[in-house]
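Undergrad: I'm passing along upload23.txt; it holds compact mmCIF, N, CA and C atoms.
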```txt
# COMPACT_ATOMS: atom_id res chain seq x y z
N MET A 1 32.76 -5.38 -35.20
CA MET A 1 32.64 -4.87 -33.84
C MET A 1 31.20 -4.43 -33.57
N ALA A 2 30.63 -3.68 -34.53
CA ALA A 2 29.26 -3.20 -34.34
C ALA A 2 28.27 -4.36 -34.25
N ALA A 3 28.46 -5.39 -35.07
CA ALA A 3 27.55 -6.54 -35.05
C ALA A 3 27.65 -7.29 -33.72
N THR A 4 28.86 -7.45 -33.21
CA THR A 4 29.05 -8.13 -31.93
C THR A 4 28.41 -7.33 -30.80
N LEU A 5 28.61 -6.03 -30.82
CA LEU A 5 27.99 -5.18 -29.80
C LEU A 5 26.48 -5.21 -29.90
N ASP A 6 25.96 -5.24 -31.13
CA ASP A 6 24.51 -5.32 -31.33
C ASP A 6 23.95 -6.58 -30.69
N LEU A 7 24.61 -7.71 -30.89
CA LEU A 7 24.15 -8.97 -30.29
C LEU A 7 24.25 -8.94 -28.77
N ALA A 8 25.33 -8.36 -28.27
CA ALA A 8 25.48 -8.24 -26.81
C ALA A 8 24.40 -7.33 -26.23
N ALA A 9 24.09 -6.26 -26.95
CA ALA A 9 23.05 -5.33 -26.49
C ALA A 9 21.70 -6.03 -26.45
N GLU A 10 21.43 -6.88 -27.43
CA GLU A 10 20.17 -7.64 -27.42
C GLU A 10 20.09 -8.52 -26.18
N ALA A 11 21.19 -9.15 -25.82
CA ALA A 11 21.21 -9.99 -24.62
C ALA A 11 20.96 -9.15 -23.37
N LEU A 12 21.56 -7.98 -23.32
CA LEU A 12 21.38 -7.10 -22.17
C LEU A 12 19.95 -6.58 -22.10
N VAL A 13 19.42 -6.15 -23.23
CA VAL A 13 18.04 -5.64 -23.26
C VAL A 13 17.07 -6.73 -22.86
N GLY A 14 17.39 -7.98 -23.20
CA GLY A 14 16.54 -9.08 -22.78
C GLY A 14 16.39 -9.20 -21.28
N LEU A 15 17.39 -8.72 -20.54
CA LEU A 15 17.33 -8.73 -19.08
C LEU A 15 16.49 -7.58 -18.53
N PHE A 16 16.15 -6.63 -19.40
CA PHE A 16 15.47 -5.42 -18.96
C PHE A 16 13.96 -5.50 -19.12
N GLY A 17 13.40 -6.70 -19.16
CA GLY A 17 11.96 -6.83 -19.27
C GLY A 17 11.26 -5.94 -18.25
N VAL A 18 10.15 -5.36 -18.63
CA VAL A 18 9.47 -4.43 -17.73
C VAL A 18 8.18 -5.00 -17.18
N ASP A 19 8.12 -6.32 -17.03
CA ASP A 19 6.92 -6.89 -16.44
C ASP A 19 6.70 -6.23 -15.08
N SER A 20 5.52 -5.65 -14.93
CA SER A 20 5.20 -4.99 -13.68
C SER A 20 5.01 -6.02 -12.58
N PRO A 21 5.54 -5.75 -11.41
CA PRO A 21 5.28 -6.65 -10.29
C PRO A 21 3.78 -6.72 -10.03
N PRO A 22 3.29 -7.82 -9.46
CA PRO A 22 1.85 -8.01 -9.29
C PRO A 22 1.16 -6.94 -8.45
N ASP A 23 1.88 -6.26 -7.57
CA ASP A 23 1.26 -5.27 -6.70
C ASP A 23 1.09 -3.91 -7.37
N PHE A 24 1.52 -3.77 -8.64
CA PHE A 24 1.49 -2.49 -9.32
C PHE A 24 0.67 -2.56 -10.60
N PRO A 25 0.21 -1.40 -11.09
CA PRO A 25 -0.48 -1.39 -12.39
C PRO A 25 0.48 -1.86 -13.49
N ARG A 26 -0.07 -2.48 -14.51
CA ARG A 26 0.73 -2.94 -15.66
C ARG A 26 1.12 -1.73 -16.50
N VAL A 27 2.39 -1.65 -16.87
CA VAL A 27 2.87 -0.56 -17.72
C VAL A 27 3.58 -1.14 -18.94
N SER A 28 3.48 -0.43 -20.05
CA SER A 28 4.15 -0.83 -21.28
C SER A 28 5.60 -0.36 -21.24
N PRO A 29 6.45 -0.89 -22.12
CA PRO A 29 7.84 -0.40 -22.17
C PRO A 29 7.94 1.13 -22.38
N PRO A 30 7.16 1.75 -23.29
CA PRO A 30 7.26 3.21 -23.41
C PRO A 30 6.82 3.94 -22.13
N GLN A 31 5.80 3.41 -21.45
CA GLN A 31 5.37 4.03 -20.20
C GLN A 31 6.45 3.90 -19.14
N MET A 32 7.13 2.74 -19.10
CA MET A 32 8.22 2.56 -18.14
C MET A 32 9.34 3.53 -18.43
N GLN A 33 9.61 3.77 -19.71
CA GLN A 33 10.65 4.73 -20.08
C GLN A 33 10.30 6.12 -19.56
N VAL A 34 9.02 6.50 -19.61
CA VAL A 34 8.58 7.79 -19.06
C VAL A 34 8.87 7.82 -17.57
N LEU A 35 8.48 6.77 -16.86
CA LEU A 35 8.69 6.74 -15.41
C LEU A 35 10.18 6.82 -15.06
N LEU A 36 11.00 6.06 -15.78
CA LEU A 36 12.44 6.09 -15.52
C LEU A 36 13.04 7.46 -15.81
N THR A 37 12.57 8.10 -16.88
CA THR A 37 13.08 9.42 -17.24
C THR A 37 12.71 10.46 -16.19
N VAL A 38 11.46 10.46 -15.76
CA VAL A 38 11.01 11.44 -14.76
C VAL A 38 11.68 11.16 -13.42
N GLU A 39 11.88 9.88 -13.10
CA GLU A 39 12.56 9.55 -11.84
C GLU A 39 13.99 10.06 -11.87
N ARG A 40 14.67 9.89 -13.00
CA ARG A 40 16.08 10.31 -13.11
C ARG A 40 16.20 11.83 -13.12
N ARG A 41 15.32 12.51 -13.82
CA ARG A 41 15.41 13.97 -13.98
C ARG A 41 14.79 14.75 -12.83
N GLY A 42 13.87 14.13 -12.10
CA GLY A 42 13.09 14.89 -11.12
C GLY A 42 11.96 15.61 -11.85
N PRO A 43 11.38 16.63 -11.25
CA PRO A 43 10.28 17.33 -11.94
C PRO A 43 10.69 17.70 -13.37
N THR A 44 9.90 17.24 -14.33
CA THR A 44 10.26 17.34 -15.73
C THR A 44 9.15 18.02 -16.52
N ARG A 45 9.52 18.97 -17.37
CA ARG A 45 8.53 19.59 -18.25
C ARG A 45 8.13 18.59 -19.32
N LEU A 46 6.87 18.63 -19.72
CA LEU A 46 6.38 17.72 -20.75
C LEU A 46 7.18 17.87 -22.04
N THR A 47 7.57 19.09 -22.38
CA THR A 47 8.36 19.30 -23.60
C THR A 47 9.74 18.66 -23.48
N GLN A 48 10.34 18.69 -22.29
CA GLN A 48 11.64 18.03 -22.07
C GLN A 48 11.50 16.51 -22.24
N LEU A 49 10.43 15.98 -21.67
CA LEU A 49 10.19 14.55 -21.76
C LEU A 49 10.05 14.13 -23.22
N ALA A 50 9.24 14.86 -23.98
CA ALA A 50 9.03 14.53 -25.39
C ALA A 50 10.35 14.55 -26.15
N ALA A 51 11.17 15.55 -25.88
CA ALA A 51 12.46 15.65 -26.55
C ALA A 51 13.36 14.47 -26.19
N GLU A 52 13.38 14.11 -24.92
CA GLU A 52 14.25 13.00 -24.49
C GLU A 52 13.77 11.67 -25.06
N LEU A 53 12.46 11.52 -25.23
CA LEU A 53 11.92 10.28 -25.79
C LEU A 53 11.92 10.30 -27.31
N ASP A 54 12.31 11.43 -27.90
CA ASP A 54 12.26 11.62 -29.34
C ASP A 54 10.84 11.38 -29.85
N ALA A 55 9.89 12.02 -29.16
CA ALA A 55 8.47 11.87 -29.48
C ALA A 55 7.85 13.25 -29.63
N ILE A 56 6.71 13.29 -30.29
CA ILE A 56 6.00 14.56 -30.37
C ILE A 56 5.28 14.77 -29.04
N PRO A 57 5.11 16.03 -28.64
CA PRO A 57 4.51 16.30 -27.32
C PRO A 57 3.14 15.64 -27.11
N SER A 58 2.32 15.55 -28.15
CA SER A 58 1.00 14.93 -27.96
C SER A 58 1.13 13.44 -27.63
N SER A 59 2.10 12.76 -28.23
CA SER A 59 2.31 11.34 -27.91
C SER A 59 2.81 11.17 -26.48
N ALA A 60 3.75 12.03 -26.08
CA ALA A 60 4.25 11.99 -24.70
C ALA A 60 3.12 12.29 -23.72
N SER A 61 2.26 13.22 -24.09
CA SER A 61 1.13 13.57 -23.23
C SER A 61 0.18 12.40 -23.06
N ARG A 62 -0.08 11.66 -24.13
CA ARG A 62 -0.97 10.48 -24.02
C ARG A 62 -0.36 9.41 -23.11
N LEU A 63 0.95 9.21 -23.22
CA LEU A 63 1.61 8.27 -22.30
C LEU A 63 1.41 8.71 -20.86
N CYS A 64 1.56 10.01 -20.63
CA CYS A 64 1.40 10.56 -19.28
C CYS A 64 -0.04 10.46 -18.81
N ASP A 65 -1.01 10.60 -19.73
CA ASP A 65 -2.43 10.45 -19.37
C ASP A 65 -2.66 9.08 -18.72
N ARG A 66 -2.13 8.05 -19.36
CA ARG A 66 -2.33 6.68 -18.85
C ARG A 66 -1.63 6.48 -17.51
N LEU A 67 -0.42 7.03 -17.39
CA LEU A 67 0.31 6.90 -16.13
C LEU A 67 -0.36 7.67 -15.01
N GLU A 68 -0.91 8.82 -15.35
CA GLU A 68 -1.63 9.60 -14.33
C GLU A 68 -2.90 8.86 -13.90
N ALA A 69 -3.62 8.27 -14.86
CA ALA A 69 -4.84 7.52 -14.53
C ALA A 69 -4.52 6.31 -13.65
N ALA A 70 -3.33 5.74 -13.83
CA ALA A 70 -2.91 4.59 -13.02
C ALA A 70 -2.36 4.99 -11.66
N GLY A 71 -2.25 6.31 -11.40
CA GLY A 71 -1.75 6.78 -10.11
C GLY A 71 -0.25 6.74 -9.97
N LEU A 72 0.47 6.72 -11.11
CA LEU A 72 1.92 6.62 -11.07
C LEU A 72 2.63 7.95 -11.32
N LEU A 73 1.90 8.92 -11.85
CA LEU A 73 2.48 10.19 -12.28
C LEU A 73 1.47 11.29 -12.00
N THR A 74 1.97 12.46 -11.64
CA THR A 74 1.09 13.63 -11.51
C THR A 74 1.61 14.75 -12.39
N ARG A 75 0.70 15.62 -12.75
CA ARG A 75 1.05 16.83 -13.50
C ARG A 75 0.71 18.02 -12.63
N THR A 76 1.57 19.00 -12.70
CA THR A 76 1.33 20.23 -11.95
C THR A 76 1.74 21.40 -12.82
N ALA A 77 1.12 22.54 -12.59
CA ALA A 77 1.48 23.74 -13.34
C ALA A 77 2.80 24.29 -12.81
N GLY A 78 3.61 24.83 -13.72
CA GLY A 78 4.87 25.43 -13.32
C GLY A 78 4.65 26.68 -12.50
N GLU A 79 5.58 26.97 -11.61
CA GLU A 79 5.46 28.15 -10.76
C GLU A 79 5.66 29.43 -11.54
N ALA A 80 6.67 29.46 -12.41
CA ALA A 80 6.98 30.67 -13.17
C ALA A 80 6.00 30.88 -14.32
N ASP A 81 5.57 29.79 -14.94
CA ASP A 81 4.67 29.87 -16.08
C ASP A 81 3.58 28.83 -15.88
N ARG A 82 2.37 29.29 -15.59
CA ARG A 82 1.26 28.38 -15.30
C ARG A 82 0.90 27.49 -16.50
N ARG A 83 1.32 27.88 -17.71
CA ARG A 83 1.05 27.07 -18.90
C ARG A 83 2.00 25.88 -18.98
N GLU A 84 3.10 25.97 -18.26
CA GLU A 84 4.09 24.90 -18.26
C GLU A 84 3.58 23.73 -17.43
N VAL A 85 3.72 22.52 -17.94
CA VAL A 85 3.28 21.32 -17.23
C VAL A 85 4.51 20.59 -16.71
N LEU A 86 4.56 20.38 -15.40
CA LEU A 86 5.64 19.61 -14.77
C LEU A 86 5.12 18.24 -14.41
N LEU A 87 5.94 17.23 -14.67
CA LEU A 87 5.60 15.85 -14.37
C LEU A 87 6.39 15.39 -13.16
N LEU A 88 5.72 14.69 -12.25
CA LEU A 88 6.36 14.15 -11.06
C LEU A 88 5.83 12.75 -10.80
N LEU A 89 6.68 11.89 -10.27
CA LEU A 89 6.22 10.56 -9.90
C LEU A 89 5.46 10.63 -8.58
N THR A 90 4.44 9.80 -8.47
CA THR A 90 3.75 9.65 -7.20
C THR A 90 4.56 8.67 -6.34
N PRO A 91 4.23 8.53 -5.07
CA PRO A 91 4.92 7.51 -4.27
C PRO A 91 4.78 6.10 -4.88
N THR A 92 3.63 5.80 -5.46
CA THR A 92 3.45 4.50 -6.11
C THR A 92 4.34 4.40 -7.35
N GLY A 93 4.48 5.49 -8.09
CA GLY A 93 5.36 5.51 -9.26
C GLY A 93 6.80 5.27 -8.86
N HIS A 94 7.25 5.94 -7.78
CA HIS A 94 8.61 5.72 -7.27
C HIS A 94 8.81 4.27 -6.85
N ALA A 95 7.82 3.71 -6.17
CA ALA A 95 7.93 2.32 -5.70
C ALA A 95 8.02 1.36 -6.88
N LEU A 96 7.25 1.61 -7.94
CA LEU A 96 7.31 0.74 -9.11
C LEU A 96 8.68 0.82 -9.77
N VAL A 97 9.20 2.02 -9.93
CA VAL A 97 10.54 2.19 -10.52
C VAL A 97 11.58 1.45 -9.68
N ASP A 98 11.51 1.61 -8.36
CA ASP A 98 12.46 0.93 -7.48
C ASP A 98 12.35 -0.59 -7.61
N GLU A 99 11.13 -1.09 -7.67
CA GLU A 99 10.90 -2.54 -7.77
C GLU A 99 11.44 -3.08 -9.10
N VAL A 100 11.13 -2.40 -10.19
CA VAL A 100 11.58 -2.84 -11.51
C VAL A 100 13.10 -2.76 -11.60
N ARG A 101 13.67 -1.65 -11.12
CA ARG A 101 15.12 -1.49 -11.16
C ARG A 101 15.80 -2.57 -10.32
N GLY A 102 15.26 -2.88 -9.15
CA GLY A 102 15.84 -3.93 -8.31
C GLY A 102 15.80 -5.29 -8.99
N ALA A 103 14.70 -5.62 -9.63
CA ALA A 103 14.58 -6.89 -10.34
C ALA A 103 15.55 -6.94 -11.52
N ARG A 104 15.67 -5.83 -12.22
CA ARG A 104 16.58 -5.74 -13.35
C ARG A 104 18.03 -5.94 -12.89
N ARG A 105 18.40 -5.29 -11.80
CA ARG A 105 19.77 -5.42 -11.28
C ARG A 105 20.05 -6.84 -10.80
N ALA A 106 19.05 -7.50 -10.24
CA ALA A 106 19.23 -8.88 -9.80
C ALA A 106 19.48 -9.80 -11.00
N ARG A 107 18.75 -9.58 -12.11
CA ARG A 107 18.97 -10.39 -13.31
C ARG A 107 20.37 -10.15 -13.88
N ILE A 108 20.80 -8.89 -13.88
CA ILE A 108 22.15 -8.57 -14.36
C ILE A 108 23.20 -9.21 -13.46
N ALA A 109 23.00 -9.11 -12.15
CA ALA A 109 23.96 -9.69 -11.19
C ALA A 109 24.10 -11.20 -11.39
N SER A 110 22.99 -11.86 -11.74
CA SER A 110 23.07 -13.31 -11.93
C SER A 110 23.94 -13.67 -13.14
N VAL A 111 23.95 -12.82 -14.16
CA VAL A 111 24.83 -13.05 -15.32
C VAL A 111 26.27 -12.70 -14.96
N LEU A 112 26.46 -11.57 -14.28
CA LEU A 112 27.82 -11.17 -13.89
C LEU A 112 28.47 -12.20 -12.98
N ALA A 113 27.67 -12.90 -12.18
CA ALA A 113 28.21 -13.88 -11.24
C ALA A 113 28.91 -15.03 -11.93
N VAL A 114 28.58 -15.31 -13.19
CA VAL A 114 29.24 -16.42 -13.88
C VAL A 114 30.37 -15.93 -14.77
N MET A 115 30.60 -14.62 -14.80
CA MET A 115 31.72 -14.06 -15.56
C MET A 115 32.96 -14.00 -14.68
N THR A 116 34.12 -13.95 -15.31
CA THR A 116 35.37 -13.79 -14.55
C THR A 116 35.48 -12.34 -14.07
N ALA A 117 36.32 -12.15 -13.06
CA ALA A 117 36.55 -10.79 -12.55
C ALA A 117 37.15 -9.91 -13.65
N ASP A 118 38.07 -10.46 -14.43
CA ASP A 118 38.66 -9.69 -15.53
C ASP A 118 37.61 -9.32 -16.57
N GLY A 119 36.73 -10.27 -16.88
CA GLY A 119 35.67 -10.00 -17.84
C GLY A 119 34.73 -8.91 -17.36
N CYS A 120 34.37 -8.95 -16.07
CA CYS A 120 33.49 -7.92 -15.49
C CYS A 120 34.17 -6.55 -15.54
N ALA A 121 35.45 -6.50 -15.19
CA ALA A 121 36.18 -5.23 -15.20
C ALA A 121 36.28 -4.67 -16.61
N ALA A 122 36.56 -5.53 -17.58
CA ALA A 122 36.66 -5.09 -18.97
C ALA A 122 35.30 -4.60 -19.48
N LEU A 123 34.24 -5.31 -19.12
CA LEU A 123 32.89 -4.90 -19.53
C LEU A 123 32.57 -3.53 -18.96
N LEU A 124 32.85 -3.32 -17.69
CA LEU A 124 32.57 -2.04 -17.06
C LEU A 124 33.35 -0.91 -17.73
N ARG A 125 34.63 -1.12 -17.95
CA ARG A 125 35.45 -0.09 -18.62
C ARG A 125 34.91 0.21 -20.02
N GLY A 126 34.58 -0.83 -20.75
CA GLY A 126 34.08 -0.65 -22.11
C GLY A 126 32.75 0.08 -22.14
N LEU A 127 31.84 -0.29 -21.24
CA LEU A 127 30.54 0.38 -21.20
C LEU A 127 30.66 1.85 -20.79
N GLU A 128 31.55 2.13 -19.84
CA GLU A 128 31.76 3.52 -19.44
C GLU A 128 32.31 4.34 -20.60
N GLU A 129 33.27 3.78 -21.33
CA GLU A 129 33.84 4.48 -22.47
C GLU A 129 32.80 4.66 -23.57
N PHE A 130 31.97 3.64 -23.79
CA PHE A 130 30.90 3.73 -24.78
C PHE A 130 29.92 4.83 -24.41
N ARG A 131 29.52 4.87 -23.13
CA ARG A 131 28.59 5.90 -22.66
C ARG A 131 29.18 7.29 -22.87
N ASP A 132 30.43 7.47 -22.50
CA ASP A 132 31.08 8.77 -22.65
C ASP A 132 31.18 9.18 -24.12
N ALA A 133 31.50 8.22 -24.98
CA ALA A 133 31.60 8.52 -26.41
C ALA A 133 30.24 8.89 -26.98
N ARG A 134 29.21 8.20 -26.53
CA ARG A 134 27.85 8.51 -27.02
C ARG A 134 27.42 9.89 -26.55
N LEU A 135 27.67 10.20 -25.30
CA LEU A 135 27.30 11.52 -24.79
C LEU A 135 28.07 12.61 -25.52
N GLY A 136 29.36 12.39 -25.76
CA GLY A 136 30.17 13.36 -26.50
C GLY A 136 29.66 13.54 -27.91
N HIS A 137 29.21 12.44 -28.53
CA HIS A 137 28.68 12.49 -29.89
C HIS A 137 27.37 13.27 -29.93
N GLU A 138 26.51 13.08 -28.93
CA GLU A 138 25.22 13.79 -28.88
C GLU A 138 25.41 15.27 -28.66
N LEU A 139 26.45 15.66 -27.92
CA LEU A 139 26.69 17.06 -27.65
C LEU A 139 27.30 17.78 -28.85
N ALA A 140 27.92 17.04 -29.74
CA ALA A 140 28.58 17.63 -30.91
C ALA A 140 27.59 18.08 -31.97
```
Would it be possible to restate this file's structure as structure tokens?

TA:
Amino acid sequence: MAATLDLAAEALVGLFGVDSPPDFPRVSPPQMQVLLTVERRGPTRLTQLAAELDAIPSSASRLCDRLEAAGLLTRTAGEADRREVLLLLTPTGHALVDEVRGARRARIASVLAVMTADGCAALLRGLEEFRDARLGHELA
């Protein structure tokens, strides 16, 4: 079961290429992960980002340096603690995330279109259960 899921995951990840659209700065997969994380979480502390990426804060900070230089991310001091660094996407960062997510969903939809309705429903149920089990496992 694990081997089959591993192969299926490889096929799915293959659809998640992060080639930046031509109108945007080029970003690496780790940089895209930063953008997606900050977009999902909203204003994010650098320490939260590092923890979510399973990275040391200095590595997360370097990723953010490049994204900030590209105009995709901004840093601001926290209101309660000026030493705290909050990360926010710029309008260009939001647009890039939206563009990449839209392209990714279109690639997924093209695969789903050749699956049966029963297969799609089973896949959705299975992925939801997998997600819930993973989240439950992480909380334990």

Undergrad: Which distance in Å separates atom CA of A:Arg101 and atom N of A:Leu5, to one decimal?

TA: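 Pair atom CA of A:Arg101 / atom N of A:Leu5 returns 24.3 Å.
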
Undergrad: From stretch 18-89 of chain A, collect each residue whose DSSP state is helix (DSSP H, G or I) and return the set as JSON, numbers by chain.

TA: {"A": [29, 30, 31, 32, 33, 34, 35, 36, 37, 38, 39, 40, 41, 46, 47, 48, 49, 50, 51, 52, 53, 57, 58, 59, 60, 61, 62, 63, 64, 65, 66, 67, 68, 69]}

Undergrad: For stretch 11-17 of chain A, work out the shell of residues within 7 Å, counting only N, CA and C atoms and skipping chain neighbours fewer than 6 positions away, then give it as a list of chain:residue names.

TA: A:Arg104, A:Arg107, A:Ile108

Undergrad: Keeping only N, CA and C atoms, take the residues you just selected and write them out as a short mmCIF file (atom, residue, chain, number, x, y, z; two decimals), in the coordinates of the input.

TA:
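The resulting file, selection.cif, is shown below:
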```cif
data_model
loop_
_atom_site.label_atom_id
_atom_site.label_comp_id
_atom_site.auth_asym_id
_atom_site.auth_seq_id
_atom_site.Cartn_x
_atom_site.Cartn_y
_atom_site.Cartn_z
N ARG A 104 15.67 -5.83 -12.22
CA ARG A 104 16.58 -5.74 -13.35
C ARG A 104 18.03 -5.94 -12.89
N ARG A 107 18.75 -9.58 -12.11
CA ARG A 107 18.97 -10.39 -13.31
C ARG A 107 20.37 -10.15 -13.88
N ILE A 108 20.80 -8.89 -13.88
CA ILE A 108 22.15 -8.57 -14.36
C ILE A 108 23.20 -9.21 -13.46
#
```

Undergrad: Counting all atoms listed in the file, give me one row per residue of stretch 47-125 of chain A with an atom at most 8 Å from an atom of stretch 30-43 of chain A, showing the shortest contact pair and its distance in Å to one decimal, sorted by chain then residue number, as a tab-separated table.

TA:
```
residue	atom	partner	partner_atom	distance
A:Leu49	CA	A:Thr37	C	7.4
A:Leu53	CA	A:Gln33	C	7.7
A:Leu63	CA	A:Gln31	CA	6.0
A:Cys64	N	A:Gln31	CA	7.1
A:Arg66	C	A:Gln31	CA	7.9
A:Leu67	CA	A:Gln31	CA	7.1
A:Leu72	C	A:Leu35	CA	7.4
A:Leu73	CA	A:Leu35	CA	7.8
A:Val85	C	A:Pro43	C	7.6
A:Leu86	CA	A:Pro43	C	5.6
A:Leu87	C	A:Pro43	CA	4.5
A:Leu88	CA	A:Pro43	CA	5.1
A:Leu89	N	A:Val38	C	6.0
A:Gly93	C	A:Leu35	CA	7.0
A:His94	CA	A:Glu39	CA	7.2
A:Val97	CA	A:Leu35	C	6.5
```

Undergrad: What separation in Å, quoted to one decimal, exists between atom C of A:Thr90 and atom N of A:Ala109?

TA: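 Computed distance, atom C of A:Thr90 to atom N of A:Ala109, equals 26.3 Å.
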
Undergrad: At what distance in Å, to one decimal, does atom CA of A:Pro22 lie from atom CA of A:Thr92?

TA: 13.0 Å

Undergrad: DSSP on the backbone, strand (DSSP E) only: what residues of chain A does that give? Format it as a ChimeraX atom specification.

TA: /A:44-45,73-77,85-89

Undergrad: Have a look at A:Met115, A:Thr47, A:Asp81, A:Cys120 and name the one nearest to A:Ser59; count only C-alpha atoms.

TA: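 That would be A:Thr47, the residue with the smallest distance to A:Ser59.
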
Undergrad: Emit as JSON the padded axis-aligned box for all listed atoms of stretch 128-136 of chain A, 3 Å per side, with centre and edge lengths in Å to one decimal.

TA:
```
{"center_x": 30.6, "center_y": 7.8, "center_z": -23.7, "size_x": 12.5, "size_y": 17.4, "size_z": 14.5}
```

Undergrad: Give the answer as one residue: which of A:Gly71, A:Phe130, A:Pro57, A:Ala8 has the shortest atom-to-atom distance to A:Ala95, using only C-alpha atoms?

TA: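 Checking each candidate against A:Ala95, we get A:Gly71 as the closest.
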